Structure formats: C-alpha cells, structure tokens
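Data block for run12.cif (mmCIF, C-alpha atoms and all ligand atoms):
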data_work
loop_
_atom_site.label_atom_id
_atom_site.label_comp_id
_atom_site.auth_asym_id
_atom_site.auth_seq_id
_atom_site.Cartn_x
_atom_site.Cartn_y
_atom_site.Cartn_z
CA MET A 248 0.00 0.00 0.00
CA SER A 249 1.46 3.33 -0.96
CA MET A 250 1.21 5.90 1.78
CA PRO A 251 1.29 9.64 1.01
CA THR A 252 4.18 11.65 2.35
CA ILE A 253 4.09 15.05 3.99
CA LYS A 254 4.81 17.74 1.44
CA GLN A 255 4.73 20.85 3.62
CA ILE A 256 4.12 22.06 7.15
CA ARG A 257 3.00 25.66 7.78
CA ALA A 258 2.52 27.58 11.03
CA TYR A 259 0.12 30.49 11.52
CA THR A 260 -0.87 32.71 14.40
CA VAL A 261 -4.23 34.25 15.13
CA ARG A 262 -5.44 36.61 17.88
CA GLY A 263 -8.67 36.61 19.86
CA GLY A 264 -10.63 33.61 21.12
CA GLY A 265 -9.40 30.31 19.79
CA ALA A 266 -6.94 27.78 21.14
CA ASP A 267 -5.54 30.53 23.35
CA TYR A 268 -8.86 30.78 25.17
CA HIS A 269 -7.35 33.30 27.58
CA ASP A 270 -7.11 35.79 24.71
CA GLN A 271 -10.55 37.31 25.37
CA GLY A 272 -11.96 40.82 25.52
CA GLU A 273 -12.83 43.04 28.46
CA GLY A 274 -15.40 41.76 30.95
CA HIS A 275 -14.97 38.00 30.30
CA TRP A 276 -15.14 35.89 33.50
CA ILE A 277 -11.81 34.27 32.59
CA ASP A 278 -10.15 37.67 33.05
CA SER A 279 -11.94 38.55 36.31
CA GLN A 280 -10.11 38.47 39.63
CA ILE A 281 -8.68 34.95 39.89
CA SER A 282 -6.03 33.79 42.32
CA THR A 283 -2.73 33.24 40.47
CA PRO A 284 0.96 32.94 41.37
CA MET A 285 1.15 36.71 40.56
CA SER A 286 -1.63 37.66 43.00
CA LYS A 287 0.93 38.42 45.70
CA TYR A 288 1.66 41.58 43.70
CA PRO A 289 -1.36 43.90 44.05
CA ASP A 290 -0.57 45.46 40.64
CA TYR A 291 -1.20 42.10 38.96
CA ARG A 292 -4.08 40.82 41.11
CA MET A 293 -7.26 42.05 39.50
CA THR A 294 -6.95 40.56 36.01
CA ARG A 295 -4.76 37.87 34.50
CA ARG A 296 -4.21 39.88 31.34
CA SER A 297 -2.39 42.41 33.54
CA PHE A 298 0.54 40.02 33.91
CA GLY A 299 0.37 38.79 30.34
CA LEU A 300 -1.75 35.64 30.36
CA ASN A 301 -2.80 36.32 26.77
CA VAL A 302 0.65 37.17 25.33
CA LEU A 303 1.11 33.96 23.36
CA GLY A 304 -2.04 33.77 21.24
CA THR A 305 -3.08 30.81 19.14
CA LEU A 306 -0.82 28.65 16.97
CA VAL A 307 -2.35 26.96 13.93
CA VAL A 308 -0.34 24.12 12.36
CA GLU A 309 -1.19 22.82 8.90
CA VAL A 310 0.34 19.72 7.31
CA GLU A 311 -0.22 19.04 3.63
CA ALA A 312 0.26 15.57 2.19
CA SER A 313 1.53 14.62 -1.28
CA ASP A 314 -2.04 13.69 -2.31
CA GLY A 315 -3.25 17.22 -1.43
CA THR A 316 -4.97 16.29 1.85
CA VAL A 317 -4.49 18.91 4.58
CA GLY A 318 -4.55 18.20 8.30
CA PHE A 319 -4.45 20.91 10.92
CA ALA A 320 -4.58 21.58 14.65
CA VAL A 321 -4.64 24.55 16.98
CA THR A 322 -2.95 25.13 20.31
CA THR A 323 -1.46 27.89 22.47
CA ALA A 324 2.01 28.94 21.41
CA GLY A 325 1.52 31.89 19.07
CA GLU A 326 4.47 33.43 17.26
CA ILE A 327 7.13 31.58 19.29
CA GLY A 328 5.50 28.32 18.32
CA ALA A 329 5.32 29.40 14.68
CA PHE A 330 9.07 30.07 14.73
CA ILE A 331 9.83 26.66 16.26
CA VAL A 332 7.67 24.85 13.70
CA GLU A 333 9.00 26.63 10.63
CA LYS A 334 12.67 27.00 11.60
CA HIS A 335 13.25 23.80 13.55
CA LEU A 336 10.55 21.10 13.50
CA ALA A 337 9.71 21.24 9.77
CA ARG A 338 12.82 19.17 8.93
CA PHE A 339 11.48 16.19 10.92
CA VAL A 340 8.05 16.32 9.30
CA GLU A 341 8.43 17.09 5.59
CA GLY A 342 9.20 14.09 3.38
CA GLN A 343 8.05 11.59 6.01
CA ARG A 344 5.13 9.21 5.48
CA VAL A 345 1.89 10.37 7.09
CA THR A 346 2.06 7.24 9.27
CA ASP A 347 5.46 8.15 10.73
CA ILE A 348 3.90 9.84 13.76
CA GLU A 349 5.89 8.04 16.45
CA LYS A 350 9.24 8.70 14.76
CA ILE A 351 8.41 12.35 14.11
CA TRP A 352 7.43 12.86 17.78
CA ASP A 353 10.61 11.25 19.01
CA GLN A 354 12.76 13.39 16.73
CA MET A 355 10.93 16.64 17.59
CA PHE A 356 11.25 15.99 21.31
CA HIS A 357 14.90 14.94 21.33
CA ALA A 358 16.02 17.67 18.92
CA THR A 359 14.51 20.34 21.22
CA LEU A 360 15.65 18.86 24.55
CA PHE A 361 18.39 21.47 24.90
CA TYR A 362 15.80 24.26 25.10
CA GLY A 363 12.50 22.43 25.43
CA ARG A 364 11.23 19.68 27.77
CA LYS A 365 8.07 21.53 28.86
CA GLY A 366 6.13 24.76 28.34
CA VAL A 367 5.83 26.47 24.98
CA VAL A 368 8.07 23.99 23.14
CA LEU A 369 5.83 21.11 24.19
CA ASN A 370 2.74 23.16 23.30
CA THR A 371 4.25 23.49 19.83
CA ILE A 372 5.18 19.81 19.52
CA SER A 373 1.60 19.02 20.63
CA GLY A 374 0.22 21.22 17.85
CA VAL A 375 2.30 19.43 15.20
CA ASP A 376 1.38 16.03 16.62
CA LEU A 377 -2.36 16.80 16.63
CA ALA A 378 -2.16 18.09 13.04
CA LEU A 379 -0.48 14.81 12.02
CA TRP A 380 -3.27 12.75 13.64
CA ASP A 381 -5.86 14.93 11.89
CA LEU A 382 -4.09 14.35 8.57
CA LEU A 383 -3.85 10.58 9.08
CA GLY A 384 -7.54 10.42 9.98
CA LYS A 385 -8.50 12.34 6.86
CA ILE A 386 -6.32 10.17 4.62
CA ARG A 387 -7.81 7.00 6.10
CA ASP A 388 -11.28 8.55 6.14
CA GLU A 389 -11.64 7.70 9.82
CA PRO A 390 -12.13 9.73 12.99
CA VAL A 391 -9.08 9.97 15.26
CA HIS A 392 -10.90 8.01 17.97
CA ALA A 393 -11.06 5.03 15.60
CA LEU A 394 -7.29 5.28 15.04
CA LEU A 395 -6.88 5.17 18.85
CA GLY A 396 -8.81 1.92 19.25
CA GLY A 397 -12.40 3.11 19.11
CA PRO A 398 -14.93 4.34 21.69
CA VAL A 399 -15.37 2.43 24.95
CA ARG A 400 -18.72 4.14 25.67
CA ASP A 401 -21.60 5.66 23.69
CA GLU A 402 -21.40 9.14 25.12
CA LEU A 403 -19.22 11.62 26.98
CA GLN A 404 -20.36 13.23 30.20
CA PHE A 405 -19.15 16.72 31.19
CA TYR A 406 -18.57 18.97 34.12
CA ALA A 407 -18.36 22.71 33.43
CA THR A 408 -15.53 25.08 34.28
CA GLY A 409 -16.56 28.69 34.79
CA ALA A 410 -17.88 31.32 37.10
CA ARG A 411 -21.48 29.99 37.29
CA PRO A 412 -21.83 26.39 38.49
CA ASP A 413 -25.44 27.22 39.39
CA LEU A 414 -26.22 27.85 35.71
CA ALA A 415 -24.11 24.83 34.64
CA LYS A 416 -26.36 22.63 36.76
CA LYS A 417 -29.43 23.94 34.95
CA MET A 418 -27.68 23.18 31.63
CA GLY A 419 -27.30 19.51 32.58
CA PHE A 420 -23.63 19.30 33.58
CA ILE A 421 -22.59 16.88 36.36
CA GLY A 422 -20.54 19.48 38.22
CA GLY A 423 -19.13 22.97 38.21
CA LYS A 424 -15.56 24.09 38.82
CA MET A 425 -15.04 27.68 39.89
CA PRO A 426 -11.88 29.71 39.71
CA LEU A 427 -10.65 30.54 43.20
CA LYS A 428 -10.72 34.31 43.62
CA HIS A 429 -8.49 35.10 46.58
CA GLY A 430 -4.97 33.84 47.26
CA PRO A 431 -2.77 33.56 50.33
CA ALA A 432 -1.62 37.21 50.07
CA GLU A 433 -5.18 38.26 50.94
CA GLY A 434 -4.93 36.39 54.23
CA ASP A 435 -7.73 35.01 56.36
CA THR A 436 -10.18 37.60 55.02
CA GLY A 437 -9.64 36.27 51.50
CA LEU A 438 -9.98 32.68 52.70
CA GLU A 439 -13.33 33.51 54.30
CA LYS A 440 -14.48 35.13 51.06
CA ASN A 441 -13.52 32.00 49.11
CA ILE A 442 -15.45 29.82 51.54
CA ALA A 443 -18.43 32.19 51.43
CA GLN A 444 -18.50 31.85 47.62
CA LEU A 445 -18.47 28.06 47.92
CA ALA A 446 -21.18 28.12 50.60
CA GLU A 447 -23.38 30.35 48.48
CA MET A 448 -22.93 28.13 45.44
CA ARG A 449 -23.67 25.00 47.48
CA GLU A 450 -26.84 26.61 48.76
CA SER A 451 -27.85 27.30 45.18
CA VAL A 452 -27.03 23.90 43.59
CA GLY A 453 -28.13 21.58 46.40
CA PRO A 454 -26.25 18.69 47.98
CA ASP A 455 -25.43 16.33 45.09
CA PHE A 456 -23.98 18.53 42.36
CA TRP A 457 -20.16 18.45 42.19
CA LEU A 458 -18.42 21.69 43.17
CA MET A 459 -14.68 22.15 42.74
CA PHE A 460 -12.13 24.93 43.13
CA ASP A 461 -9.47 25.57 40.47
CA CYS A 462 -6.56 27.27 42.27
CA TRP A 463 -4.33 27.80 39.18
CA MET A 464 -0.97 27.08 40.88
CA SER A 465 -1.53 29.92 43.35
CA LEU A 466 -1.54 28.50 46.90
CA ASP A 467 0.95 27.22 49.42
CA LEU A 468 0.61 23.96 51.31
CA ASP A 469 -0.76 25.53 54.48
CA TYR A 470 -3.37 27.61 52.67
CA ALA A 471 -4.40 24.71 50.43
CA THR A 472 -4.80 22.46 53.48
CA ARG A 473 -6.99 25.01 55.25
CA LEU A 474 -9.08 25.61 52.11
CA ALA A 475 -9.64 21.86 51.77
CA GLN A 476 -10.55 21.44 55.44
CA ARG A 477 -12.98 24.35 55.39
CA GLY A 478 -14.35 23.25 52.01
CA ARG A 479 -15.34 19.83 53.36
CA GLU A 480 -18.33 21.34 55.14
CA TYR A 481 -19.70 22.47 51.77
CA GLY A 482 -18.94 19.26 49.92
CA LEU A 483 -15.93 20.50 47.92
CA LYS A 484 -15.27 17.55 45.58
CA TRP A 485 -11.77 18.39 44.55
CA ILE A 486 -9.05 20.99 44.90
CA GLU A 487 -7.31 21.58 41.56
CA GLU A 488 -3.78 22.74 40.83
CA ALA A 489 -3.37 24.13 44.34
CA LEU A 490 0.42 24.43 44.17
CA PRO A 491 3.06 25.40 41.59
CA PRO A 492 3.62 22.54 39.12
CA ASP A 493 7.23 21.95 40.21
CA ASP A 494 6.25 21.36 43.85
CA TYR A 495 5.73 17.59 43.56
CA TRP A 496 6.67 17.24 47.24
CA GLY A 497 3.98 19.73 48.25
CA TYR A 498 1.35 17.85 46.25
CA ALA A 499 2.35 14.57 47.87
CA ASP A 500 1.90 16.22 51.31
CA LEU A 501 -1.38 17.87 50.30
CA LYS A 502 -2.86 14.56 49.17
CA LYS A 503 -2.15 13.17 52.66
CA ARG A 504 -3.65 16.25 54.37
CA VAL A 505 -6.99 16.75 52.57
CA PRO A 506 -10.12 15.35 54.28
CA PRO A 507 -11.01 11.74 53.38
CA GLY A 508 -12.89 11.56 50.10
CA MET A 509 -11.75 14.94 48.79
CA LEU A 510 -9.72 14.62 45.60
CA VAL A 511 -6.47 16.36 44.70
CA THR A 512 -6.13 17.04 40.98
CA THR A 513 -3.40 18.63 38.90
CA GLY A 514 -1.33 18.38 35.72
CA GLU A 515 -2.68 20.87 33.17
CA HIS A 516 0.73 22.60 33.14
CA GLU A 517 2.70 19.34 33.26
CA ALA A 518 4.16 17.74 30.14
CA THR A 519 5.38 14.38 28.83
CA ARG A 520 5.47 10.90 30.37
CA TRP A 521 8.44 12.00 32.49
CA GLY A 522 6.60 14.93 34.10
CA PHE A 523 3.55 12.79 34.83
CA ARG A 524 5.77 9.98 36.11
CA MET A 525 6.76 12.36 38.93
CA LEU A 526 3.12 13.10 39.79
CA LEU A 527 2.15 9.43 39.66
CA GLU A 528 5.09 7.82 41.43
CA MET A 529 5.15 10.44 44.17
CA GLY A 530 1.43 9.97 44.89
CA CYS A 531 0.66 13.63 44.18
CA CYS A 532 -2.99 13.42 43.11
CA ASP A 533 -6.12 11.38 42.45
CA ILE A 534 -6.77 12.70 38.94
CA ILE A 535 -4.23 13.90 36.39
CA GLN A 536 -5.40 16.59 33.98
CA PRO A 537 -3.02 16.71 31.01
CA ASP A 538 -3.91 19.16 28.25
CA VAL A 539 -3.50 17.28 24.96
CA GLY A 540 -2.53 20.56 23.28
CA TRP A 541 0.26 21.19 25.81
CA CYS A 542 1.50 17.84 27.20
CA GLY A 543 2.93 16.50 23.92
CA GLY A 544 -0.16 15.72 21.83
CA VAL A 545 -2.13 12.49 21.46
CA THR A 546 1.02 10.46 20.85
CA GLU A 547 2.34 11.39 24.30
CA LEU A 548 -1.05 11.37 26.03
CA LEU A 549 -1.42 7.67 25.14
CA LYS A 550 1.76 6.97 27.14
CA ILE A 551 0.81 9.25 30.02
CA SER A 552 -2.61 7.61 30.21
CA ALA A 553 -1.21 4.07 30.25
CA LEU A 554 1.17 5.04 33.05
CA ALA A 555 -1.71 6.59 35.01
CA ASP A 556 -3.86 3.50 34.52
CA ALA A 557 -1.12 1.35 36.02
CA HIS A 558 -1.15 3.70 39.03
CA ASN A 559 -4.97 3.52 39.39
CA THR A 560 -5.17 7.23 38.66
CA LEU A 561 -7.89 8.78 36.49
CA VAL A 562 -7.04 10.92 33.46
CA VAL A 563 -9.45 13.82 32.89
CA PRO A 564 -7.79 16.01 30.27
CA HIS A 565 -7.86 19.78 30.61
CA GLY A 566 -10.13 21.60 28.13
CA SER A 567 -8.99 21.28 24.50
CA SER A 568 -12.35 20.45 22.91
CA VAL A 569 -12.28 17.84 20.12
CA TYR A 570 -8.62 17.07 20.73
CA SER A 571 -9.62 15.80 24.18
CA TYR A 572 -12.96 14.26 23.20
CA HIS A 573 -11.46 11.88 20.61
CA PHE A 574 -9.07 10.62 23.27
CA VAL A 575 -11.40 10.49 26.30
CA VAL A 576 -14.02 8.43 24.46
CA THR A 577 -11.43 5.68 23.88
CA ARG A 578 -10.20 5.28 27.50
CA THR A 579 -11.89 3.53 30.43
CA ASN A 580 -9.75 5.49 32.89
CA SER A 581 -11.14 8.80 31.56
CA PRO A 582 -14.75 8.49 32.77
CA PHE A 583 -15.83 12.11 32.23
CA SER A 584 -14.66 15.33 30.56
CA GLU A 585 -14.13 19.01 31.18
CA PHE A 586 -16.03 21.67 29.29
CA LEU A 587 -14.77 25.25 29.48
CA MET A 588 -17.64 27.75 29.53
CA MET A 589 -16.39 30.32 27.05
CA ALA A 590 -19.46 32.59 26.99
CA PRO A 591 -18.28 35.82 28.67
CA GLN A 592 -20.73 35.40 31.57
CA ALA A 593 -20.61 31.55 31.54
CA ASP A 594 -24.36 31.62 30.98
CA GLU A 595 -24.63 29.55 27.79
CA VAL A 596 -22.82 26.72 26.04
CA VAL A 597 -20.68 27.94 23.15
CA PRO A 598 -17.97 26.01 21.28
CA MET A 599 -14.75 26.06 23.32
CA PHE A 600 -12.51 27.34 20.51
CA ASN A 601 -15.11 29.68 19.06
CA PRO A 602 -14.80 31.33 16.52
CA LEU A 603 -11.68 29.58 15.21
CA LEU A 604 -13.16 26.17 14.39
CA LEU A 605 -16.23 25.17 12.42
CA ASP A 606 -18.28 22.04 13.16
CA GLU A 607 -16.97 21.98 16.76
CA PRO A 608 -19.41 19.81 18.73
CA VAL A 609 -20.72 20.95 22.12
CA PRO A 610 -22.45 19.02 24.90
CA GLU A 611 -26.21 19.01 25.02
CA ASN A 612 -27.68 18.59 28.48
CA GLY A 613 -24.11 17.95 29.70
CA ARG A 614 -23.58 15.03 27.33
CA MET A 615 -22.21 14.31 23.87
CA ARG A 616 -22.88 11.25 21.73
CA ALA A 617 -19.72 9.43 20.60
CA SER A 618 -21.32 9.35 17.16
CA SER A 619 -21.05 13.15 16.96
CA LEU A 620 -17.28 12.58 16.65
CA ASP A 621 -17.49 10.36 13.57
CA ALA A 622 -16.17 12.75 10.90
CA PRO A 623 -12.62 12.06 9.55
CA GLY A 624 -9.66 13.34 11.58
CA PHE A 625 -10.75 15.50 14.50
CA GLY A 626 -13.86 16.41 12.52
CA VAL A 627 -13.43 20.17 12.58
CA ARG A 628 -12.59 22.82 9.97
CA LEU A 629 -10.58 25.97 10.33
CA ASN A 630 -12.91 28.96 10.03
CA PRO A 631 -11.97 30.57 6.68
CA ASP A 632 -12.82 34.00 8.16
CA SER A 633 -9.97 33.69 10.69
CA ASP A 634 -7.35 36.39 10.34
CA LEU A 635 -4.33 34.08 10.06
CA ALA A 636 -0.78 35.42 9.87
CA ARG A 637 2.28 33.38 8.86
CA PRO A 638 5.13 35.22 10.60
CA TYR A 639 7.91 32.82 9.44
CA THR A 640 8.53 30.57 6.47
CA HIS A 641 11.19 28.04 5.62
MG MG B 1 -7.42 24.11 35.82
#

For the structure just supplied, provide its representation as structure tokens.
Ligand SMILES: [Mg+2]
Amino acid sequence: MSMPTIKQIRAYTVRGGGADYHDQGEGHWIDSQISTPMSKYPDYRMTRRSFGLNVLGTLVVEVEASDGTVGFAVTTAGEIGAFIVEKHLARFVEGQRVTDIEKIWDQMFHATLFYGRKGVVLNTISGVDLALWDLLGKIRDEPVHALLGGPVRDELQFYATGARPDLAKKMGFIGGKMPLKHGPAEGDTGLEKNIAQLAEMRESVGPDFWLMFDCWMSLDLDYATRLAQRGREYGLKWIEEALPPDDYWGYADLKKRVPPGMLVTTGEHEATRWGFRMLLEMGCCDIIQPDVGWCGGVTELLKISALADAHNTLVVPHGSSVYSYHFVVTRTNSPFSEFLMMAPQADEVVPMFNPLLLDEPVPENGRMRASSLDAPGFGVRLNPDSDLARPYTH
C-alpha cells in the first residue's frame, strides 16, 4: 500500500478567542479576579491579562500531504510556536510518510531537549502532533478516535468550568468548577471570602452537584490544606492545581492532608510521560489533567494515560475540545470530561474554541454522543474567516 508523504508544514498565528482561550476581551469571566501565582503583587491581582496571560495567542499548524490532503490543529504557542515549527521542527516532518507519527514525535522531542522539555516547546510539539493525527484520519477517512482503538462508551459526560456552576447545573452538567478568587496574600479575610463563595454556590445547587475549586498554581501547602478542610463542610469535591507545578513534594503532602474523600487534581501545566511519572510515582494526586494541546499531543497522552492507569489514577484532560474528546471516548480510565464555559458570563454553552473552528461539537444537556465525533480526523474545519498570519517561512 502506498502511503502519502508530507509535502509541507505551515505555522500560523491568530489573535482573539481560539486555542488561546485566555485571549478574550474586556469583561470576560476568565479575566476577572482569579487567584494566580502573581496575586501576591497587588498590581497584577485584579486581572490575569495584567501580567500577560494572553501574550502567546493561538498557533495553527497545517500539514499538507503529497495527495493534497491537509490536516491541521490549533494550540497555544503563538508566534514563538510558529518560529519553532518553521525554523526547527519542519525538517522532521516534511518528506516523512503520514504514518510516521511516532518517529516524528521522538525526533521533535529529542532535537529540542536542549531548550525544550516543557512549556511552549511542548505546546508546539503538541500542535504538530495533533495536526499529524488529523491528517492521518482524513487520509484514512476515519475519525481519530477510531485510530486510537475506538470508543469504549456511547457518550461523553461533562462537568463545566466557569464562574457559574449554578447555571451549569441547569444546563445539565454533572458538576461545576469555579476559579478561586483570593490567594494567600489576601490572608484570612480572603480565605473567608472563598469559603463564602463556595457556601453560596452549594446553597444554590443543592447537595449532590459536584463543586470544585481551580486554584491555578496559586496557593501554598498551608493555605491549600486550610481551604480543603474548610471546604469539606460544603462538599468540595476536589481541589485543583493548588500548588506550583514543580512542587511535587507539596502535592504529595497535600494529598495526605486533605479530608477523606476529597480529591487532589493537577497536571494541566505538566508535560510528557516524564513529568507525569513524577506526579504518579510520588502519589501527588487522584486525577491527572493533562492538556492534549500542551503535554505532547495524542502520541504522548497515550503513554501518560497508560502510566496513570497502572497507578490507578484517572485521566481527565484539561479543556482542549475535540482534541480531548477523541481521546477520552477511547479510555476507560477517563470516565468524564471538562467543558470550558467560554461565553463571557458563563451563561450559555458555546464552542470552546469559538470562533476559530467550524463544526466543533458541544455538549447538550451535559452530554455528547460518541457518534457526533465520527467525521474524519478530529472532525473540525478551520474557520476561513480567521485572520491568520504566517510570521515565518522556511
Ligand atoms: Mg485548571
């Protein structure tokens, strides 16, 4: 069987909502006061854009095969990512067979080790990897989930991340995860405000709906422990990303300190099987939350997930829309999914990467049929109205 080769790879950037879902306008809940590692500086406390959360922007990677088929993917890496793709990674992609995904990943990762390993380089490698899976799916006329072994269940079930768990409950989601507002620098007063927000939300959603706090790397061990202990009274289901990602030792301690039954989750800013090996072997958490657009792509997520399964740890990928859905539906140790509420007031369901992708499926009543993922590749199209720029060529 003759397999097409990859003729060209191209990298574009685009501003505004898209894969860089932090790149939103004024008044969006995602840019409201949220506790971050920068909250200790009052100048950078009130919005996350103030310290540059949206600087990167979206990276769009396109791969074109010798038969004319084009695969693509989007992630967060912007112009830096475009440079890395065009000036460095292109050599490992062009001329290869479209099935050479494992070899291309290995070469991209090892050729960038001297400046990569995590962060924006792995976001970029993830974008190339996802584009290659999209291309392979299109050439084989199969959805990516079929290439990964096929669905293990008929539908996906979602919890919602956003400022309004009370509205998420009405929309049929199984839980709501709120951004934590106040960090340790705001002392006991801030802690009481956080607990008051949780109490108010619990009052509104009733006893059974899941409520979680996303702490976005912003706490210390003492504060996280107190938040968890106080949160127990209001049925806090899990405490997410409480500590900086490099503090594996802190996470291992936190997991021992939280009340029985409360879950510790983390990993959206972790990358590769080696990063997750630390979290898993050190007993840092109950659920790992790799972002398939940041952790190394589907190729690496398969390895991370297998390692987690052997450690009896669930994998509930962070955000990432169709790139997560095609994976989650194929894994028994990924029993539910995250949906990021990207409407500015978190009051309606809109596609997560709106307006960058077309045909992006969204949950209805908190659920999504596996059959809605049956189009070839990842099943989405790049919106032709997107204002793409190609800052580098090769
Ligand atoms: Mg999170």

Sort by chain and increasing residue number a table of all residues of chain A within 7 Å of ligand MG 1 (chain B), each with its closest pair of atoms and their distance in Å to one decimal, counting all atoms listed in the file, and write it as JSON lines.
{"residue": "A:Asp461", "atom": "CA", "partner": "B:MG1", "partner_atom": "MG", "distance": 5.3}
{"residue": "A:Trp463", "atom": "CA", "partner": "B:MG1", "partner_atom": "MG", "distance": 5.9}
{"residue": "A:Glu487", "atom": "CA", "partner": "B:MG1", "partner_atom": "MG", "distance": 6.3}
{"residue": "A:Glu488", "atom": "CA", "partner": "B:MG1", "partner_atom": "MG", "distance": 6.3}
{"residue": "A:Glu515", "atom": "CA", "partner": "B:MG1", "partner_atom": "MG", "distance": 6.3}
{"residue": "A:His565", "atom": "CA", "partner": "B:MG1", "partner_atom": "MG", "distance": 6.8}

Considering only C-alpha atoms, return as a list in words whatever protein or nucleic-acid residues lie within 10 Å of Gln280 (chain A), sequence-local ones (same chain, fewer than 3 positions apart) excluded.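 My list of contacting residues is Trp276, Ile277, Thr283, Ser286, Tyr291, Arg292, Met293, Thr294, Arg295, Pro426, Leu427, Lys428 and His429 of chain A.
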
Selected residue of minimal separation from Thr512 (chain A) among A:Cys532, A:Leu549, A:Cys542, A:Ala617, counting all atoms listed in the file: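 Using all atoms listed in the file, Thr512 (chain A) sits closest to A:Cys532.
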
Excluding Leu483 (chain A) and its own-chain neighbours fewer than 5 positions away, which residues fall within 8 Å of it when counting only C-alpha atoms? Please give them as an NGL selection string. :A and (445 or 457-460 or 475 or 478 or 509)

Output as JSON lines one row per residue of region 425-534 of chain A within 12 Å of region 355-359 of chain A: the closest atom pair and its distance in Å to one decimal place, counting only C-alpha atoms, sorted by chain and residue number ascending.
{"residue": "A:Ala518", "atom": "CA", "partner": "A:Phe356", "partner_atom": "CA", "distance": 11.5}
{"residue": "A:Thr519", "atom": "CA", "partner": "A:Phe356", "partner_atom": "CA", "distance": 9.7}
{"residue": "A:Arg520", "atom": "CA", "partner": "A:Phe356", "partner_atom": "CA", "distance": 11.9}

As an exercise, work out the distance from CA of Asp493 (chain A) to CA of Asp267 (chain A) in Å and give it to one decimal place.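 We find that CA of Asp493 (chain A) and CA of Asp267 (chain A) lie 22.8 Å from each other.
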
Nearest residue to Ser282 (chain A) out of A:Thr323, A:Asn441, A:Gln255, A:Thr316, using only C-alpha atoms?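 Of the candidates, the smallest distance to Ser282 (chain A) is held by A:Asn441.
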
Excluding Ala593 (chain A) and its own-chain neighbours fewer than 4 positions away, which residues fall within 9 Å of it when counting all atoms listed in the file? Please give them as JSON, numbers by chain. {"A": [275, 276, 408, 409, 410, 411, 412, 414, 415, 587, 588, 589]}

Using only C-alpha atoms, which residues sit within 9 Å of Lys334 (chain A) once same-chain residues fewer than 4 positions away are excluded, as JSON, numbers by chain? {"A": [329, 330, 338, 639, 640, 641]}

Residue among A:Asp556, A:Asp381, A:Glu433, A:Asp455 lying closest to Arg578 (chain A), counting all atoms listed in the file: A:Asp556

As AutoDock Vina command-line options, please: the centre and edge lengths in Å, to one decimal, of an axis-aligned box enclosing every listed atom of region 451-461 of chain A with 5 Å added on each side.
--center_x -18.8 --center_y 21.8 --center_z 44.2 --size_x 28.7 --size_y 21.0 --size_z 17.5

Residue nearest Phe583 (chain A) among A:Ala622, A:Leu403, A:Val375, A:Ile331 (counting only C-alpha atoms): A:Leu403

May I have the residues within 9 Å of Glu611 (chain A) as a list in words, using all atoms listed in the file and disregarding those fewer than 3 positions away in the same chain? Met418, Gly419, Phe420, Val596, Arg614 and Met615 of chain A

Selected residue, from A:Asp606, A:Asp401, A:Glu326, A:Glu585, that lies nearest to Phe625 (chain A) when counting all atoms listed in the file: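 The closest residue to Phe625 (chain A) is A:Asp606.
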
Between CA of Lys440 (chain A) and CA of Val452 (chain A), distance in Å (one decimal):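 Taking CA of Lys440 (chain A) as the start and CA of Val452 (chain A) as the end point, the length is 18.4 Å.
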
Taking into account only C-alpha atoms, which residue in the set A:Ala324, A:Ile386, A:Ile421, A:Leu360 is nearest to Gln404 (chain A)?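 Closest to Gln404 (chain A) of all the choices is A:Ile421.
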
May I ask for the distance between CA of Ala312 (chain A) and CA of Lys254 (chain A), given in Å to one decimal place?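 Value for the CA of Ala312 (chain A)-CA of Lys254 (chain A) distance: 5.1 Å.
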
Polymer residues at most 12 Å from (-0.4, 26.4, 27.1) by all atoms listed in the file, as a ChimeraX atom specification: /A:266-270,300-306,321-325,328,365-374,514-518,537-544,565-567
